[in-house]
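A short worksheet on the structure shown next.
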Amino acid sequence: MNNKASELSILEAINETLHSEMERDERIVILGEDVGRNGGVFRATEGLIEKFGENRVVDTPISEAAIVGSAVGLAMAGLVPVVEIQFLGFSYQAMHQIAGQIARLRYRTQSRFEPQITIRAPFGGGVRTPELHSDSLEAQFANIPGLKIVLPSTASDAKGLLTSAIRDPDPVLFLEPLRGYRGIRDLVPDEEHIVPLGKANLIKKGDDVVIISWSYQVELSRRVAESLEENGISTAVLDLRSIVPLDVEAITQIVTHCGRAVVVQEAPETGGFASEIIATINDECFWSLEAPVARVSGFDVPYPVGMLENLYVPDEARIRSAVLKTMEND
Amino acid sequence: MPKPNDKQLQMILEDMVVARTQAGRLWNLQRQGQIGTIAPIDGHEAAIVGAVHALETESDWVLPQYREPLGLRKYGPEVLDTFMLYNLGHPAGGHIPAPIKVAPSQISLAASIPHAVGLAWGMSLKDEPGVVLVFFGDGASSEGDFYEAGNLAGVIKAPVIFLCINNQWAISTPTHLQTAADSFSSKSEAFGIPGITVDGNNPSTVYEAVSDARNRAMTGKGPTLIEATVYRLGAHTTADDPTRYVPSEDLSAAQENDPVHTLIKDLKNRNLWSDAKQKEVETVALERMDDAFEKAKNTPLSINSLMDHCFVSDTPRQARQRAFLIDSMEKINE
Amino acid sequence: MPFEFRLPDIGEGLEDAEIVSWYVSTGDVVERDQALLEVLTDKASSELPSPVAGTVIALNGQEGERIKVGDVLIQIEETGGNGSPEIRSEKKNMEIKPEEPSTSIEDQESFISVAPKVKASPATRKLARELTVDISEISGTGPSGRITTEDVKLAARTDQEVSRDSSPMAEYENLLLRKERSDLGYMTPGEHKIKGVRGVIAKNMSASWAEIPHIHSLDEIDASLLIDFRNRIKKVNRHGASKITPLSIVAAATVRALKKYPMMNGHVVGTPAEKIIIPPFINLGIAVASDSGLLVPVINEANDIDIFELAEKISELVELSRDQKITADQMQGATFTITNYGSLGGRWALPIISLGQAGILGVGKIEERPFVVESKVEARPTMPLVLGADHRLIDGDVAEAFKNSVMDDLLEPLNLLVAE
């Protein structure tokens with residue numbers, strides 16, 4: 001095993017990053033429900049309160065609006081709040097503070113106040129959670145100017161992107177893949193590791209078609225792409241990593257090269273972020289397209305109960321089928 | 001329980017008179033189409049100014065709602081200058097320059113209450129002595145943010161002063177339709193913090209209450225909820241017609257208790273104020289406002305302001321949009 | 001100029017208001033902020049205070065009348081003139097024109113029009129344009145009659161080697177290449193009367209051959225820079241850029257050379273030779289193969305236009321000629337001709353000068369050949385050139401100088417962008 005890197009799960013990578021960042025920057029304050037003594041319901045904040053004390057790792061009451069709203073005040077005081085919202089679906093309770101206050105703080109005050117705020121939240125299906133625990137809301141936030149939105153798909157990226165997010169002077173929503181918390185493990189550099197926001201990652205090269213995705217669906221896309229090699233289809237996979245800022249250049253390059261693309265999202269089809277990507281492809285690569293860009297997404301119903309979940313969440317079969325269909329038109 | 005001394009009372013009255021005078025000019029500017037919607041301060045002067053004079057401007061923050069800015073004179077001329085930019089609709093109106101510890105107006109009711117809690121909390125984490133005073137109205141106290149933030153503040157013992165100015169009306173909703181509680185200050189019980197109601201028309205009582213609360217906060221005893229009772233003597237804003245719902249007898253009675261007139265009378269009786277002084281203060285106040293407004297109108301506005309300060313630097317998409325905007329304007333100007 | 005107080009929008013989205021009562025009359029002296037009138041909106045009644053001090057000149061509305069936001073209410077002649085507040089005018093009109101689509105790809109006015117009802121992917125359409133194929137005339141073999149890339153390539157009949165080859169020569173755009181005519185070179189056995197265009201050609205060819213003593217000077221250049229220049233300039237954001245072809249570059253170089261050596265632009269009159277005419281303008285003829293034979297449309301006053309315009313004109317004329325829509329007018333008055341037999345696949349030829357001219361430049365097909373570059377032999381794309389000249393007027397030195405000028409510009413095409 002390489003001295004310089006260790007195999008970690010996404011969760012472990014996040015925990016490690018929080019430890020090292022808090023060590024490095026004493027302005028960082030962690031707040032959220034159950035983040036202190038319990039170390040977070042997923043143990044993402046494990047060990048922090050013991051090391052840094054209860055002034056810097058705070059168990060808050062159940063008040064998403066106040067948690068997020070007080071993060072504004074902490075930032076005004078010159079601290080760096082890293083807020084945990086236990087599940088992304090609960091962010092609805094804090095929506096007005098996120099959309100109407102955090103996203104607007106810099107613009108409203110013309111940078112008098114620096115909103116160096118990170119909000120971490122897990123989301124995503126396939127783990128049989130109760131209602132509102134798995135919902136993918138990233139597209140809803142994407143339409144709010146002033147918020148950066150980051151969705152890592154690997155442990156290494158989780159570390160690199162979280163580091164960038166915490167250090168970014170603008171507000172960042174850091175959305176973590178529930179299914180990937182323990183399910184995705186890869187080599188993570190031991191030392192400081194920075195992945196810049198707004199730069200996508202072409203995790204697999206290909207010439208015929210590209211699958212574009214983010215978060216857990218990247219892993220599924222990768223598996224589909226590998227298996228398609230046997231069908232003689234050279235499939236690229238682009239992990240967006242951030243949806244705001246969007247790496248338009250990377251999308252343009254790979255789609256122009258392949259001429260065909262499939263976008264995968266867990267969120268419901270209508271108004272999902274795949275729509276934005278396809279619009280962007282239209283703007284930048286229209287003349288290179290050999291076939292319409294396809295979308296694989298959830299359905300336009302509320303996120304369903306456990307027994308129906310597998311029907312809803314895009315799986316390898318659906319992704320594969322979409323790619324084959326896209327290739328068909330030759 | 002410190003009361004303001006005579007010198008302080010004179011300064012308080014001066015600020016109150018300035019606020020009242022400038023508010024009159026502000027109203028007219030709106031009626032002349034020169035500025036946007038404004039919320040008149042008439043009737044709230046004693047509560048606002050009395051509170052502010054109990055603070056240390058070097059260390060204490062004020063988070064206003066939207067009616068208070070004219071009463072924050074103690075914090076320096078920048079507050080008025082920025083306020084006039086804000087009224088003009090200029091983006092610079094959101095930036096009260098450092099080191100002035102005043103935040104810009106908050107349109108979303110009660111949204112600044114959690115901010116105040118976080119700010120106070122942050123200051124104490126950094127061992128920066130000082131308190132945060134957040135203004136909000138009777139109506140705002142019904143918003144969820146008030147309860148969540150008050151509750152959180154109690155738990156973490158944030159050095160914050162919640163100052164609810166109860167002016168009896170939330171646009172057209174009277175207080176008895178706003179809450180079934182005995183008073184707004186009684187809600188402090190739910191937060192586990194002290195709550196007190198004072199006569200908001202008397203700047204001394206407000207001064208005292210805020211000084212006490214400040215003391216508590218500075219000695220680690222945490223937040224306080226103060227309700228200052230006043231009467232809204234004017235309209236909710238320039239877009240409102242109070243004659244539709246305010247009973248005229250109530251208004252007349254309230255006008256008898258006009259806090260500015262009351263204090264003028266008191267101080268004149270004690271030879272601490274005079275008509276000449278009054279005239280001088282009013283004249284200077286109007287000149288100051290005219291100056292501030294002129295300055296605001298002459299503050300340049302660039303097309304780039306539309307795109308500036310969303311993020312520290314543009315995303316590629318924003319850069320493209322910015323270029324498009326500039327290019328379109330150039331084409332129009334050709 | 002009296003101050004005009006216009007009805008403001010005092011109520012967040014008002015359109016109009018009713019004048020309830022005037023507090024002042026014409027001739028009254030008013031102070032700043034003095035109440036002038038009461039108006040009634042759907043929200044409330046309000047008094048409007050005067051923004052200025054002065055004398056009332058005119059009231060613009062009766063009590064009870066409704067007036068619109070923005071209409072003048074009252075005019076006041078200001079006293080003193082200082083301190084009057086400027087009523088802030090509406091922000092500069094933010095009417096933003098829709099962004100023009102980037103034209104880095106094809107100019108939508110491409111001379112091949114894309115018929116709206118045809119089904120083809122964007123990539124296929126683009127290819128059709130590049131190969132100058134009329135997509136509406138292709139029947140598609142794809143699903144639902146969709147036109148495929150293969151269909152387009154087949155229609156263009158581009159040289160198999162060229163389309164497969166990814167070397168620069170694959171880019172060489174063949175303006176004159178058309179669908180292979182199955183009757184090329186064919187005539188039914190028997191006697192045929194010479195008439196029409198064939199008749200004219202026959203007559204002119206005889207006359208030229210008989211009268212003009214031809215010399216020909218042959219040469220070959222390394223076309224690498226020419227090809228590179230062409231690939232890059234056609235992407236430039238300039239009208240006509242996409243029409244630039246190796247032929248139009250040769251034409252531009254020729255025009256430049258003709259300006260330097262006006263004798264090549266002239267001609268000899270009379271049999272036996274009597275006069276030399278040197279025209280003050282350059283009319284460049286471009287030989288085009290059409291279904292009914294060789295046509296030579298003319299670009300008038302080519303001396304006056306830049307390479308972009310030249311390329312556009314060439315493209316236009318070639319198209320018209322191919323479609324046989326060219327008029328006799330458009331084929332008159334050439335002072336010099338370029339013939340591009342390279343488009344027919346030819347490399348070397350000795351072209352015949354037209355009567356009324358003293359020179360002709362033959363251009364052969366660009367193909368890879370061994371070439372010496374810095375003492376080493378390398379494969380380079382080469383373009384053969386043949387200059388034909390009337391030896392009554394043009395001696396070897398002029399011919400060589402002229403030819404060298406053309407070649408220099410083809411070897412360094414950036415020269416063509418330099419204004420004279």
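Chain labels follow the order of the structure tokens: the first chain is A, the next B, and so on; residue numbering restarts at 1 in every chain, and ligands are counted from 1 in their shown order.
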
(request) Give the residues of chain A that lie within 10 Å of chain C; count only C-alpha atoms, and format the answer as number ranges by chain. (result) A: 256, 259, 283, 285-292, 328-330

Output of the above residues as an mmCIF file, in the first residue's frame, restricted to N, CA and C atoms:
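Output saved as result-v7.cif:
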data_model
loop_
_atom_site.group_PDB
_atom_site.id
_atom_site.type_symbol
_atom_site.label_atom_id
_atom_site.label_comp_id
_atom_site.auth_asym_id
_atom_site.auth_seq_id
_atom_site.Cartn_x
_atom_site.Cartn_y
_atom_site.Cartn_z
ATOM 1 N N THR A 256 -18.538 17.120 -27.929
ATOM 2 C CA THR A 256 -18.120 17.393 -29.298
ATOM 3 C C THR A 256 -17.341 16.203 -29.852
ATOM 4 N N GLY A 259 -20.116 13.126 -29.882
ATOM 5 C CA GLY A 259 -21.317 13.385 -30.678
ATOM 6 C C GLY A 259 -22.586 12.807 -30.074
ATOM 7 N N ASP A 283 -26.318 24.788 -26.484
ATOM 8 C CA ASP A 283 -25.617 26.053 -26.707
ATOM 9 C C ASP A 283 -24.243 25.829 -27.315
ATOM 10 N N CYS A 285 -22.528 22.583 -28.310
ATOM 11 C CA CYS A 285 -22.092 21.485 -29.198
ATOM 12 C C CYS A 285 -23.164 21.023 -30.170
ATOM 13 N N PHE A 286 -24.149 21.834 -30.436
ATOM 14 C CA PHE A 286 -25.270 21.389 -31.252
ATOM 15 C C PHE A 286 -24.829 20.758 -32.565
ATOM 16 N N TRP A 287 -23.909 21.397 -33.244
ATOM 17 C CA TRP A 287 -23.560 20.940 -34.587
ATOM 18 C C TRP A 287 -22.773 19.637 -34.589
ATOM 19 N N SER A 288 -22.344 19.202 -33.413
ATOM 20 C CA SER A 288 -21.615 17.938 -33.366
ATOM 21 C C SER A 288 -22.512 16.768 -33.036
ATOM 22 N N LEU A 289 -23.769 17.043 -32.702
ATOM 23 C CA LEU A 289 -24.625 15.968 -32.220
ATOM 24 C C LEU A 289 -25.061 15.032 -33.334
ATOM 25 N N GLU A 290 -24.878 13.743 -33.057
ATOM 26 C CA GLU A 290 -25.335 12.723 -33.999
ATOM 27 C C GLU A 290 -26.698 12.191 -33.592
ATOM 28 N N ALA A 291 -27.062 12.413 -32.346
ATOM 29 C CA ALA A 291 -28.336 11.886 -31.840
ATOM 30 C C ALA A 291 -28.787 12.809 -30.711
ATOM 31 N N PRO A 292 -30.093 12.791 -30.381
ATOM 32 C CA PRO A 292 -30.540 13.631 -29.267
ATOM 33 C C PRO A 292 -29.859 13.183 -27.972
ATOM 34 N N GLU A 328 -28.134 3.764 -31.311
ATOM 35 C CA GLU A 328 -28.924 3.094 -32.338
ATOM 36 C C GLU A 328 -29.077 3.871 -33.626
ATOM 37 N N ASN A 329 -29.057 5.149 -33.545
ATOM 38 C CA ASN A 329 -29.510 5.933 -34.681
ATOM 39 C C ASN A 329 -28.527 6.032 -35.815
ATOM 40 N N ASP A 330 -27.510 5.224 -35.750
ATOM 41 C CA ASP A 330 -26.490 5.340 -36.785
ATOM 42 C C ASP A 330 -27.023 4.809 -38.115
#

(message) Based on the backbone DSSP call, show me all residues of region 106-355 of chain C assigned helix (DSSP H, G or I), as a ChimeraX atom specification.
(response) /C:122-130,135-137,143-145,149-156,160-164,168-171,196-211,224-233,241-243,246-260,262-265,302-304,307-322,329-331,341-344

(request) Select all residues from chain B having any atom no more than 7 Å from an atom of chain A (counting only C-alpha atoms, ignoring ligands), output as a PyMOL selection string. (result) chain B and resi 92+94-95+97+114-119+121-123+125+145+148-149+152+309-312+315

Selected residues written out with N, CA and C atoms, as a CSV table (one decimal), in the first residue's frame:
chain,number,residue,atom,x,y,z
B,92,ALA,N,-25.0,50.0,-3.9
B,92,ALA,CA,-24.1,50.4,-2.8
B,92,ALA,C,-24.9,50.6,-1.5
B,94,GLY,N,-26.5,48.6,0.1
B,94,GLY,CA,-26.4,47.4,1.0
B,94,GLY,C,-25.1,47.3,1.8
B,95,HIS,N,-24.2,48.3,1.5
B,95,HIS,CA,-22.9,48.2,2.1
B,95,HIS,C,-22.6,49.3,3.0
B,97,PRO,N,-20.1,50.7,5.4
B,97,PRO,CA,-18.7,50.3,5.4
B,97,PRO,C,-18.2,49.9,6.8
B,114,PRO,N,-32.1,35.0,13.7
B,114,PRO,CA,-31.0,34.0,13.8
B,114,PRO,C,-29.6,34.6,13.5
B,115,HIS,N,-29.6,35.5,12.6
B,115,HIS,CA,-28.3,36.1,12.2
B,115,HIS,C,-27.7,36.8,13.5
B,116,ALA,N,-28.5,37.5,14.2
B,116,ALA,CA,-28.1,38.2,15.4
B,116,ALA,C,-27.5,37.2,16.4
B,117,VAL,N,-28.2,36.1,16.6
B,117,VAL,CA,-27.8,35.0,17.5
B,117,VAL,C,-26.5,34.5,17.1
B,118,GLY,N,-26.3,34.2,15.8
B,118,GLY,CA,-25.0,33.7,15.3
B,118,GLY,C,-23.9,34.7,15.5
B,119,LEU,N,-24.2,35.9,15.2
B,119,LEU,CA,-23.2,37.0,15.3
B,119,LEU,C,-22.7,37.1,16.8
B,121,TRP,N,-23.0,34.9,19.1
B,121,TRP,CA,-22.4,33.7,19.4
B,121,TRP,C,-20.9,33.7,18.9
B,122,GLY,N,-20.8,34.1,17.7
B,122,GLY,CA,-19.4,34.2,17.1
B,122,GLY,C,-18.5,35.1,17.9
B,123,MET,N,-19.1,36.3,18.3
B,123,MET,CA,-18.3,37.2,19.0
B,123,MET,C,-17.8,36.6,20.3
B,125,LEU,N,-17.4,33.4,21.0
B,125,LEU,CA,-16.4,32.4,20.7
B,125,LEU,C,-15.1,33.0,20.4
B,145,ASP,N,-38.6,31.9,12.6
B,145,ASP,CA,-37.2,32.2,12.9
B,145,ASP,C,-37.1,32.8,14.3
B,148,GLU,N,-37.2,29.8,16.8
B,148,GLU,CA,-36.0,29.0,16.6
B,148,GLU,C,-34.8,29.7,17.2
B,149,ALA,N,-34.7,31.0,16.8
B,149,ALA,CA,-33.5,31.7,17.2
B,149,ALA,C,-33.5,32.0,18.7
B,152,LEU,N,-32.5,28.8,20.5
B,152,LEU,CA,-31.1,28.6,20.3
B,152,LEU,C,-30.3,29.5,21.2
B,309,HIS,N,-20.3,40.8,-7.0
B,309,HIS,CA,-20.6,40.4,-5.7
B,309,HIS,C,-21.6,39.3,-5.5
B,310,CYS,N,-21.8,38.5,-6.6
B,310,CYS,CA,-22.6,37.3,-6.4
B,310,CYS,C,-21.7,36.3,-5.8
B,311,PHE,N,-20.6,36.0,-6.5
B,311,PHE,CA,-19.5,35.3,-5.9
B,311,PHE,C,-18.3,36.2,-5.9
B,312,VAL,N,-17.2,35.7,-5.2
B,312,VAL,CA,-16.0,36.5,-5.2
B,312,VAL,C,-15.5,36.7,-6.7
B,315,THR,N,-18.3,32.7,-12.3
B,315,THR,CA,-18.1,31.4,-12.9
B,315,THR,C,-18.0,31.7,-14.4

Please produce, as a tab-separated table, a per-residue contact table for chain B versus chain C (criterion: any atom at most 7 Å away, only C-alpha atoms considered), showing the nearest atom pair and its distance in Å to one decimal, sorted by chain then residue number.
residue	atom	partner	partner_atom	distance
B:Asn28	CA	C:Pro49	CA	6.0
B:Gln30	CA	C:Ile10	CA	6.7
B:Arg31	CA	C:Leu48	CA	5.7
B:Gln32	CA	C:Pro8	CA	6.2
B:Gly33	CA	C:Pro8	CA	4.6
B:Gln34	CA	C:Ile87	CA	6.0
B:Ala239	CA	C:Gly11	CA	4.9
B:Asp240	CA	C:Lys43	CA	7.0
B:Asp241	CA	C:Ala44	CA	5.2
B:Ser328	CA	C:Ile96	CA	5.6
B:Met329	CA	C:Ile96	CA	6.9

(request) For region 257-270 of chain B, list every protein, DNA or RNA residue within 7 Å, evaluated using only C-alpha atoms, and leave out those in the same chain fewer than 6 positions away; present the list as a PyMOL selection string. (result) chain B and resi 13+16-17+43+46+201-202

Dump of C-alpha atoms for the selected residues, as a compact mmCIF listing (two decimals), in the first residue's frame:
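To be explicit, this is the file written out as result36.txt:
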# COMPACT_ATOMS: atom_id res chain seq x y z
CA LEU B 13 -33.61 64.18 21.92
CA MET B 16 -35.03 61.82 17.86
CA VAL B 17 -35.72 65.22 16.34
CA GLY B 43 -43.78 57.16 16.90
CA ALA B 46 -37.80 57.07 21.52
CA ASN B 201 -42.36 56.17 24.23
CA ASN B 202 -40.01 56.96 27.08

From a backbone DSSP assignment, name each residue in region 185-338 of chain C labelled strand (DSSP E or B), as a PDB file with N, CA and C atoms, in the first residue's frame.
ATOM      1  N   HIS C 214       2.389  30.874 -77.783  1.00  0.00           N
ATOM      2  CA  HIS C 214       2.396  30.580 -76.341  1.00  0.00           C
ATOM      3  C   HIS C 214       3.781  30.231 -75.851  1.00  0.00           C
ATOM      4  N   ILE C 215       4.164  30.753 -74.708  1.00  0.00           N
ATOM      5  CA  ILE C 215       5.206  30.110 -73.917  1.00  0.00           C
ATOM      6  C   ILE C 215       4.559  29.639 -72.625  1.00  0.00           C
ATOM      7  N   HIS C 216       5.099  28.568 -72.097  1.00  0.00           N
ATOM      8  CA  HIS C 216       4.585  28.070 -70.815  1.00  0.00           C
ATOM      9  C   HIS C 216       5.745  27.905 -69.844  1.00  0.00           C
ATOM     10  N   SER C 217       5.521  28.346 -68.636  1.00  0.00           N
ATOM     11  CA  SER C 217       6.528  28.133 -67.593  1.00  0.00           C
ATOM     12  C   SER C 217       5.903  27.294 -66.494  1.00  0.00           C
ATOM     13  N   LEU C 218       6.594  26.168 -66.177  1.00  0.00           N
ATOM     14  CA  LEU C 218       5.997  25.209 -65.256  1.00  0.00           C
ATOM     15  C   LEU C 218       6.732  25.239 -63.913  1.00  0.00           C
ATOM     16  N   ASP C 219       5.983  25.053 -62.844  1.00  0.00           N
ATOM     17  CA  ASP C 219       6.622  25.016 -61.527  1.00  0.00           C
ATOM     18  C   ASP C 219       5.708  24.280 -60.521  1.00  0.00           C
ATOM     19  N   GLU C 220       6.264  24.078 -59.359  1.00  0.00           N
ATOM     20  CA  GLU C 220       5.560  23.287 -58.331  1.00  0.00           C
ATOM     21  C   GLU C 220       5.903  23.890 -56.966  1.00  0.00           C
ATOM     22  N   ILE C 221       4.923  24.075 -56.120  1.00  0.00           N
ATOM     23  CA  ILE C 221       5.245  24.617 -54.800  1.00  0.00           C
ATOM     24  C   ILE C 221       4.819  23.665 -53.668  1.00  0.00           C
ATOM     25  N   ASP C 222       5.491  23.839 -52.549  1.00  0.00           N
ATOM     26  CA  ASP C 222       5.098  23.141 -51.313  1.00  0.00           C
ATOM     27  C   ASP C 222       3.841  23.858 -50.788  1.00  0.00           C
ATOM     28  N   HIS C 267      -3.010  42.979 -73.309  1.00  0.00           N
ATOM     29  CA  HIS C 267      -3.101  42.055 -74.433  1.00  0.00           C
ATOM     30  C   HIS C 267      -2.702  42.756 -75.721  1.00  0.00           C
ATOM     31  N   VAL C 268      -2.467  41.941 -76.725  1.00  0.00           N
ATOM     32  CA  VAL C 268      -2.035  42.442 -78.043  1.00  0.00           C
ATOM     33  C   VAL C 268      -3.243  42.495 -78.957  1.00  0.00           C
ATOM     34  N   VAL C 269      -3.318  43.566 -79.720  1.00  0.00           N
ATOM     35  CA  VAL C 269      -4.430  43.700 -80.673  1.00  0.00           C
ATOM     36  C   VAL C 269      -3.882  43.709 -82.091  1.00  0.00           C
ATOM     37  N   LYS C 275      -1.152  46.814 -81.649  1.00  0.00           N
ATOM     38  CA  LYS C 275      -1.167  47.612 -80.424  1.00  0.00           C
ATOM     39  C   LYS C 275      -1.077  46.715 -79.187  1.00  0.00           C
ATOM     40  N   ILE C 276      -0.666  47.359 -78.122  1.00  0.00           N
ATOM     41  CA  ILE C 276      -0.741  46.686 -76.804  1.00  0.00           C
ATOM     42  C   ILE C 276      -1.721  47.486 -75.948  1.00  0.00           C
ATOM     43  N   ILE C 277      -2.693  46.815 -75.416  1.00  0.00           N
ATOM     44  CA  ILE C 277      -3.638  47.477 -74.503  1.00  0.00           C
ATOM     45  C   ILE C 277      -3.312  47.063 -73.069  1.00  0.00           C
ATOM     46  N   LEU C 284     -10.750  39.338 -63.551  1.00  0.00           N
ATOM     47  CA  LEU C 284     -10.200  37.989 -63.456  1.00  0.00           C
ATOM     48  C   LEU C 284     -11.218  36.950 -63.898  1.00  0.00           C
ATOM     49  N   GLY C 285     -10.853  36.155 -64.899  1.00  0.00           N
ATOM     50  CA  GLY C 285     -11.731  35.082 -65.351  1.00  0.00           C
ATOM     51  C   GLY C 285     -11.386  33.795 -64.624  1.00  0.00           C
ATOM     52  N   ILE C 286     -12.407  33.039 -64.266  1.00  0.00           N
ATOM     53  CA  ILE C 286     -12.180  31.755 -63.597  1.00  0.00           C
ATOM     54  C   ILE C 286     -12.839  30.675 -64.440  1.00  0.00           C
ATOM     55  N   ALA C 287     -12.063  29.764 -64.961  1.00  0.00           N
ATOM     56  CA  ALA C 287     -12.627  28.721 -65.826  1.00  0.00           C
ATOM     57  C   ALA C 287     -13.365  27.702 -64.967  1.00  0.00           C
ATOM     58  N   VAL C 288     -14.606  27.408 -65.368  1.00  0.00           N
ATOM     59  CA  VAL C 288     -15.451  26.473 -64.604  1.00  0.00           C
ATOM     60  C   VAL C 288     -15.992  25.421 -65.548  1.00  0.00           C
ATOM     61  N   ALA C 289     -15.901  24.169 -65.109  1.00  0.00           N
ATOM     62  CA  ALA C 289     -16.478  23.105 -65.928  1.00  0.00           C
ATOM     63  C   ALA C 289     -17.965  23.017 -65.653  1.00  0.00           C
ATOM     64  N   SER C 290     -18.771  23.006 -66.728  1.00  0.00           N
ATOM     65  CA  SER C 290     -20.217  22.842 -66.540  1.00  0.00           C
ATOM     66  C   SER C 290     -20.692  21.715 -67.430  1.00  0.00           C
ATOM     67  N   GLY C 293     -19.970  22.359 -70.951  1.00  0.00           N
ATOM     68  CA  GLY C 293     -18.618  22.715 -71.383  1.00  0.00           C
ATOM     69  C   GLY C 293     -17.988  23.735 -70.463  1.00  0.00           C
ATOM     70  N   LEU C 294     -16.835  24.237 -70.927  1.00  0.00           N
ATOM     71  CA  LEU C 294     -16.070  25.151 -70.083  1.00  0.00           C
ATOM     72  C   LEU C 294     -16.675  26.548 -70.135  1.00  0.00           C
ATOM     73  N   LEU C 295     -16.978  27.097 -68.978  1.00  0.00           N
ATOM     74  CA  LEU C 295     -17.466  28.473 -68.912  1.00  0.00           C
ATOM     75  C   LEU C 295     -16.461  29.290 -68.139  1.00  0.00           C
ATOM     76  N   VAL C 298     -16.478  36.049 -64.995  1.00  0.00           N
ATOM     77  CA  VAL C 298     -15.441  37.054 -64.741  1.00  0.00           C
ATOM     78  C   VAL C 298     -15.740  37.839 -63.466  1.00  0.00           C
ATOM     79  N   ILE C 299     -14.689  38.042 -62.675  1.00  0.00           N
ATOM     80  CA  ILE C 299     -14.827  38.928 -61.504  1.00  0.00           C
ATOM     81  C   ILE C 299     -14.279  40.284 -61.902  1.00  0.00           C
ATOM     82  N   PHE C 336      -7.368  38.481 -67.535  1.00  0.00           N
ATOM     83  CA  PHE C 336      -6.468  37.371 -67.202  1.00  0.00           C
ATOM     84  C   PHE C 336      -7.336  36.231 -66.736  1.00  0.00           C
ATOM     85  N   THR C 337      -6.901  34.997 -66.944  1.00  0.00           N
ATOM     86  CA  THR C 337      -7.734  33.841 -66.558  1.00  0.00           C
ATOM     87  C   THR C 337      -6.967  32.859 -65.700  1.00  0.00           C
ATOM     88  N   ILE C 338      -7.719  32.250 -64.783  1.00  0.00           N
ATOM     89  CA  ILE C 338      -7.148  31.140 -64.009  1.00  0.00           C
ATOM     90  C   ILE C 338      -7.948  29.892 -64.349  1.00  0.00           C
TER      91      ILE C 338
END

(message) Quick check, in Å to one decimal: how far apart do CA of Asp315 (chain A) and CA of Glu266 (chain A) lie?
(response)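 Between CA of Asp315 (chain A) and CA of Glu266 (chain A) the gap is 9.4 Å.
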
(message) Set the distance at 12 Å and use only C-alpha atoms: which residues neighbour Lys7 (chain B) once local chain neighbours fewer than 3 positions away are removed? I'd like the list as a ChimeraX atom specification.
(response) /B:3-4,10-14,53,267,271-273

File dump, residues just selected, N, CA and C atoms, as a CSV table (one decimal), in the first residue's frame:
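Here's the written file part05.csv:
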chain,number,residue,atom,x,y,z
B,3,LYS,N,-29.8,55.3,34.4
B,3,LYS,CA,-30.6,56.1,33.6
B,3,LYS,C,-29.7,57.0,32.8
B,4,PRO,N,-30.2,57.5,31.7
B,4,PRO,CA,-29.4,58.5,30.9
B,4,PRO,C,-29.3,59.8,31.7
B,10,GLN,N,-30.1,65.0,26.2
B,10,GLN,CA,-30.1,66.0,25.1
B,10,GLN,C,-29.7,65.4,23.8
B,11,MET,N,-28.7,64.5,23.9
B,11,MET,CA,-28.2,63.9,22.7
B,11,MET,C,-29.3,62.9,22.1
B,12,ILE,N,-30.0,62.3,23.1
B,12,ILE,CA,-31.1,61.4,22.6
B,12,ILE,C,-32.2,62.2,21.9
B,13,LEU,N,-32.6,63.4,22.5
B,13,LEU,CA,-33.6,64.2,21.9
B,13,LEU,C,-33.2,64.7,20.6
B,14,GLU,N,-31.9,65.1,20.5
B,14,GLU,CA,-31.4,65.6,19.2
B,14,GLU,C,-31.6,64.5,18.1
B,53,HIS,N,-28.6,54.4,22.3
B,53,HIS,CA,-27.8,55.2,23.2
B,53,HIS,C,-27.3,54.4,24.4
B,267,LEU,N,-37.8,68.5,28.3
B,267,LEU,CA,-36.4,69.1,28.3
B,267,LEU,C,-36.5,70.6,28.3
B,271,ASN,N,-35.0,73.4,30.9
B,271,ASN,CA,-34.0,74.3,30.2
B,271,ASN,C,-32.9,73.5,29.6
B,272,LEU,N,-33.2,72.3,29.2
B,272,LEU,CA,-32.2,71.5,28.4
B,272,LEU,C,-32.5,71.6,26.9
B,273,TRP,N,-33.5,72.3,26.5
B,273,TRP,CA,-33.8,72.4,25.1
B,273,TRP,C,-34.5,73.7,24.8

(request) Rank nothing, just name the residue among B:Ile156, B:Ile161, B:Ile171, B:Ala292 nearest to Gly139 (chain B), using only C-alpha atoms. (result) B:Ile171
